[in-house]
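First comes the structure, then the notes that go with it.
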Amino acid sequence: MADETKRNPSEQQKAQGGEKPPAQKPPISPDPTAAEQKIAPGKAGDVTQGKAPVTVQPSPPGAAETARPAGAPPAGAHAAPPKPAGPATTPWEHERVARLKHQYGSGIKEAGTYLKQNFLVVNKEVVFDVLRALRDDDKFDYLVDETAVHYPDRDEAFEVVWILYSFASNERVRVKTSVKDGEKAPSAVPLWPAANWLEREVYDMFGVQFEGHPDLRRILLPDEWKGFPLRKDYGIIQQDKEWVQINLGIESGQ
Amino acid sequence: MKEVLKSEQNASAVKHLELAPEAERPYLDSDELILNMGPQHPSTHGVLRVILKLDGEKVMGTECVIGYLHRGVEKIAEHRTYAMFNPYVDRMDYVAAVSNGLGYCESVEKLLNIEAPPRAQYIRVILTELNRMASHMLWLGTHALDIGAITPLFYTFRDREEILKIFEKYCGARLTTHAFRIGGCLYETYDGFEDEVRKFAKFVAPKLDEYETLLTTNRIWVERTKGVGILSGDDCKALGVTGPVLRASGVKWDLRKAQPYSSYQDFDFEIPVGTNGDTYDRYLVRIAEMRQSLRIIGQAVDKLPEGPVMAKVPKVLKPPVGEVYHSIEAPKGELGYFIVSDGSTQPYRVRVRPPSFVNLQALDKMVRGALVADVVAVIGTLDIVLGEVDR
């Protein structure tokens with residue numbers, strides 16, 4: 001924690017010669033705060049790969065960012081391209097998808113396959129029913145993980161992700177739904193008891209509430225913690241300064 | 001170590017226990033006692049606090065208080081490049097750092113749509129299996145110590161040392177190894193690596209028998225572990241419990257077989273399973289797993305292919321926009337990484353699916369109705385590492 005808070009973005013840039021790549025607009029979520037907090041990649045990228053025998057590269061570190069507009073395919077013209085073309089999302093065709101689409105209609109927004117991994121994007125109104133159908137009809141009896149991703153620029157800022165696995169057919173599926181800030185997502189605890197702590201962690205880190213969770217409290221952070229750390233707009237430094245001021249009565253050295 | 005909780009700050013946790021729906025009372029009507037175990041307790045394997053609700057010596061309910069080791073690695077990841085974050089994952093499950101690194105590197109490789117060369121994959125298998133043995137040895141030593149058998153600790157630490165020496169010679173570090181890089185391995189094997197690994201395999205095989213002579217038919221060991229902390233296969237699936245705990249409950253499921261990664265399909269090995277799902281079976285399963293690891297190591301060393309150890313990776317890693325979930329069979333269970341890329345040099349989100357965190361959730365189910373002393377045995381048999389629970 002101390003190590004993290006020390007890395008003020010501006011100091012980090014100074015330490016690396018003030019070189020900062022142009023503000024990259026991440027295609028899926030152009031978030032100014034997140035972009036600002038991100039430290040300049042600078043040298044760190046080559047510390048490990050520079051020693052690899054295949055990448056003898058005369059261009060200075062950081063040139064790769066400045067040379068290319070953001071959003072371009074990552075395999076740059078000057079670096080050896082590791083793959084032919086970027087992988088693309090293809091529609092997931094399956095009897096199961098057809099059945100779910102038939103049953104829930106427009107509730108199933110998307111069914112795709114990316115890097116051979118299947119996922120469903122579902123409306124939050126029907127997501128619980130879809131999860132139950134997957135568990136009961138398709139034997140997805142193991143909830144591998146439940147987590148969330150914060151996209152502050154979207155209207156529905158939080159994407160809740162369920163990763164399911166079926167022992168019977170040895171396959172995985174990801175079910176995703178989006179909720180607005182302050183809106184409740186349905187809890188998966190009635191379906192898989194494993195969701196209990198996982199949802200508590202999502203609440204702890206993102207502040208996403210779950211409808212029907214038996215005991216939604218913070219789990220990793222103390223009860224009196226302010227804010228939700230994995231939100232993109234959460235500042236680490238300010239929290240640290242405040243804590244030091246209140247608890248130690250001195251100015252923070254960060 | 002044990003004290004009656006009175007302070008205000010514990011009130012919420014205690015209240016939760018009283019409201020627990022399963023707190024039926026088939027036991028004697030006597031005063032209930034709230035007992036605090038940890039966070040600094042020798043048998044909690046780190047800073048885990050368990051609040052026990054007791055009726056006499058019987059456990060009526062538990063409440064785990066975790067987070068003492070929370071360092072926010074998922075937040076750190078969003079502020080680091082893909083390569084910079086690699087060493088951080090070693091600090092989660094620090095007794096199986098190599099496994100953590102393997103999972104992370106493979107996940108990013110998947111996102112980049114590249115694959116490590118065959119030689120790198122074999123080196124990864126050798127080191128990961130050695131690490132699995134080291135992790136199980138540490139587990140066996142400390143678990144036996146918790147239950148009262150002091151000797152195995154010295155035996156297992158003596159043999160684990162030989163593994164750490166190989167790690168040290170390979171990459172310079174013993175515990176948090178940072179052995180792998182995205183795209184392969186940074187280091188070629190050192191001179192005599194194969195011979196040393198073979199020598200170790202020869203050395204350690206009889207030692208495993210030695211552990212078994214100390215414990216398997218030891219009457220105290222059997223009495224303390226048989227029938228303790230029983231978890232059925234269905235309970236395991238419902239609670240998301242994986243790894244040796246799941247296999248001891250009779251579910252023959254191992255990601256190395258179910259969804260092979262890093263060339264595991266090339267090796268001939270078996271998945272040991274138990275039948276009763278109790279602490280004793282979990283012990284047998286882990287011992288058997290060490291033997292299987294030796295088999296894998298032997299085959300991997302014999303078949304170690306020639307070639308480069310690093311794939312062609314771009315100098316600056318910028319995975320295309322997208323997300324991927326990849327998981328491996330870590331010594332504790334399924335260790336998964338869910339990585340979201342926004343096309344920049346830093347991950348947009350890294351989610352770690354920690355086996356210890358999910359497995360610990362089963363503690364309550366396993367100890368309800370058992371004795372206080374069994375709680376210690378069950379915490380040991382779950383093989384949790386608090387660095388991974390809290391991250």
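Note on naming: chains are A, B, ... as they come in the structure tokens, residues start from 1 per chain, ligands start from 1 in the order shown.
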
How close does range 162-280 of chain B get to range 180-195 of chain A? List, as JSON lines, each residue of range 162-280 of chain B within 7 Å, its nearest atom pair and the distance in Å to one decimal, counting only C-alpha atoms.
```
{"residue": "B:Ala238", "atom": "CA", "partner": "A:Trp192", "partner_atom": "CA", "distance": 5.4}
{"residue": "B:Leu239", "atom": "CA", "partner": "A:Ala194", "partner_atom": "CA", "distance": 4.1}
{"residue": "B:Gly240", "atom": "CA", "partner": "A:Ala194", "partner_atom": "CA", "distance": 5.4}
```

Based on the selection just made, write C-alpha atoms of those residues as a compact mmCIF listing (two decimals), in the first residue's frame.
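Contents of the output file out-v3.txt:
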```
# COMPACT_ATOMS: atom_id res chain seq x y z
CA ALA B 238 -22.10 -25.54 -4.59
CA LEU B 239 -19.49 -23.68 -2.57
CA GLY B 240 -17.05 -23.48 -5.46
```

With 7 Å as the cut-off and only C-alpha atoms counted, what is the closest atom pair between each nearby residue of chain B and chain A? Distances in Å to one decimal, ordered by chain and number, as JSON lines.
```
{"residue": "B:Ile66", "atom": "CA", "partner": "A:Leu220", "partner_atom": "CA", "distance": 5.8}
{"residue": "B:Gly67", "atom": "CA", "partner": "A:Leu220", "partner_atom": "CA", "distance": 4.0}
{"residue": "B:His70", "atom": "CA", "partner": "A:Leu220", "partner_atom": "CA", "distance": 6.7}
{"residue": "B:Arg71", "atom": "CA", "partner": "A:Met1", "partner_atom": "CA", "distance": 5.7}
{"residue": "B:Lys75", "atom": "CA", "partner": "A:Leu230", "partner_atom": "CA", "distance": 6.0}
{"residue": "B:Ile76", "atom": "CA", "partner": "A:Glu4", "partner_atom": "CA", "distance": 6.9}
{"residue": "B:His79", "atom": "CA", "partner": "A:Lys38", "partner_atom": "CA", "distance": 5.2}
{"residue": "B:Thr81", "atom": "CA", "partner": "A:Pro41", "partner_atom": "CA", "distance": 6.3}
{"residue": "B:Ala83", "atom": "CA", "partner": "A:Gly45", "partner_atom": "CA", "distance": 6.1}
{"residue": "B:Met84", "atom": "CA", "partner": "A:Ala44", "partner_atom": "CA", "distance": 6.4}
{"residue": "B:Ile114", "atom": "CA", "partner": "A:Pro82", "partner_atom": "CA", "distance": 6.6}
{"residue": "B:Leu186", "atom": "CA", "partner": "A:Ala52", "partner_atom": "CA", "distance": 6.6}
{"residue": "B:Lys237", "atom": "CA", "partner": "A:Tyr142", "partner_atom": "CA", "distance": 5.4}
{"residue": "B:Ala238", "atom": "CA", "partner": "A:Trp192", "partner_atom": "CA", "distance": 5.4}
{"residue": "B:Leu239", "atom": "CA", "partner": "A:Ala194", "partner_atom": "CA", "distance": 4.1}
{"residue": "B:Gly240", "atom": "CA", "partner": "A:Ala194", "partner_atom": "CA", "distance": 5.4}
{"residue": "B:Ala258", "atom": "CA", "partner": "A:Asn170", "partner_atom": "CA", "distance": 6.8}
{"residue": "B:Met310", "atom": "CA", "partner": "A:Ala52", "partner_atom": "CA", "distance": 6.5}
{"residue": "B:Lys312", "atom": "CA", "partner": "A:Pro82", "partner_atom": "CA", "distance": 6.0}
{"residue": "B:Val313", "atom": "CA", "partner": "A:Pro82", "partner_atom": "CA", "distance": 6.1}
{"residue": "B:Pro314", "atom": "CA", "partner": "A:Ala79", "partner_atom": "CA", "distance": 5.4}
{"residue": "B:Lys315", "atom": "CA", "partner": "A:Gln49", "partner_atom": "CA", "distance": 6.3}
{"residue": "B:Val316", "atom": "CA", "partner": "A:Gly45", "partner_atom": "CA", "distance": 6.0}
{"residue": "B:Lys318", "atom": "CA", "partner": "A:Pro74", "partner_atom": "CA", "distance": 5.0}
{"residue": "B:Pro319", "atom": "CA", "partner": "A:Pro74", "partner_atom": "CA", "distance": 6.1}
{"residue": "B:Pro320", "atom": "CA", "partner": "A:Pro74", "partner_atom": "CA", "distance": 6.1}
{"residue": "B:Asp342", "atom": "CA", "partner": "A:Pro26", "partner_atom": "CA", "distance": 5.3}
{"residue": "B:Gly343", "atom": "CA", "partner": "A:Gly71", "partner_atom": "CA", "distance": 6.3}
{"residue": "B:Ser344", "atom": "CA", "partner": "A:Pro26", "partner_atom": "CA", "distance": 6.6}
{"residue": "B:Arg349", "atom": "CA", "partner": "A:Val149", "partner_atom": "CA", "distance": 6.9}
{"residue": "B:Arg353", "atom": "CA", "partner": "A:Asp145", "partner_atom": "CA", "distance": 6.4}
{"residue": "B:Asp390", "atom": "CA", "partner": "A:Leu220", "partner_atom": "CA", "distance": 6.5}
```

*Please measure the separation of CA of Ala97 in chain B and CA of Phe85 in chain B, giving the value in Å to one decimal.*
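Taking CA of Ala97 in chain B as the start and CA of Phe85 in chain B as the end point, the length is 13.6 Å.
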
*asked:* According to DSSP computed on the backbone, where in range 78-325 of chain B is there helix (DSSP H, G or I)? Give the residues as a VMD selection string.
replied: chain B and resid 82 to 89 94 to 112 118 to 147 151 to 171 193 to 215 219 to 225 233 to 239 244 to 248 255 to 258 264 to 266 279 to 303

*Nearest candidate to Phe338 in chain B (options A:Trp162, A:Glu125, A:Trp225, A:Gly253; using only C-alpha atoms)*: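 Looking only at the distances to Phe338 in chain B, the closest residue turns out to be A:Trp162.
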
*Which residues, written as a list of chain:residue names, have at least one atom at most 9 Å from Arg198 in chain B, with only C-alpha atoms counted and residues fewer than 3 positions away on the same chain left out?*
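In the requested form, the answer reads B:Phe193, B:Glu194, B:Asp195, B:Ala201, B:Lys202, B:Phe203, B:Ile297, B:Gly298, B:Val301.
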
*Write out as a ChimeraX atom specification each polymer residue whose atoms come within 10 Å of Glu93 in chain A, counting only C-alpha atoms; drop sequence neighbours fewer than 3 positions from it.*
/A:90,96-98,111-113,118

*Contacts of Leu127 in chain B within 9 Å, only C-alpha atoms, excl. fewer than 5 positions in-chain, as a count of residues only*: 8

*Which parts of range 89-297 of chain B does DSSP call strand (DSSP E or B) when run on the backbone here, written out as a list of chain:residue names?*
B:Phe180, B:Arg181, B:Gly184, B:Cys185

*Determine, counting only C-alpha atoms, which protein, DNA and RNA residues have an atom within 7 Å of an atom of Val65 in chain B; residues of the same chain fewer than 2 positions away are not included. Present the result as a list in words.*
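Using only C-alpha atoms, the neighbours found are Leu48, Arg49, Val50 and Glu63 of chain B.
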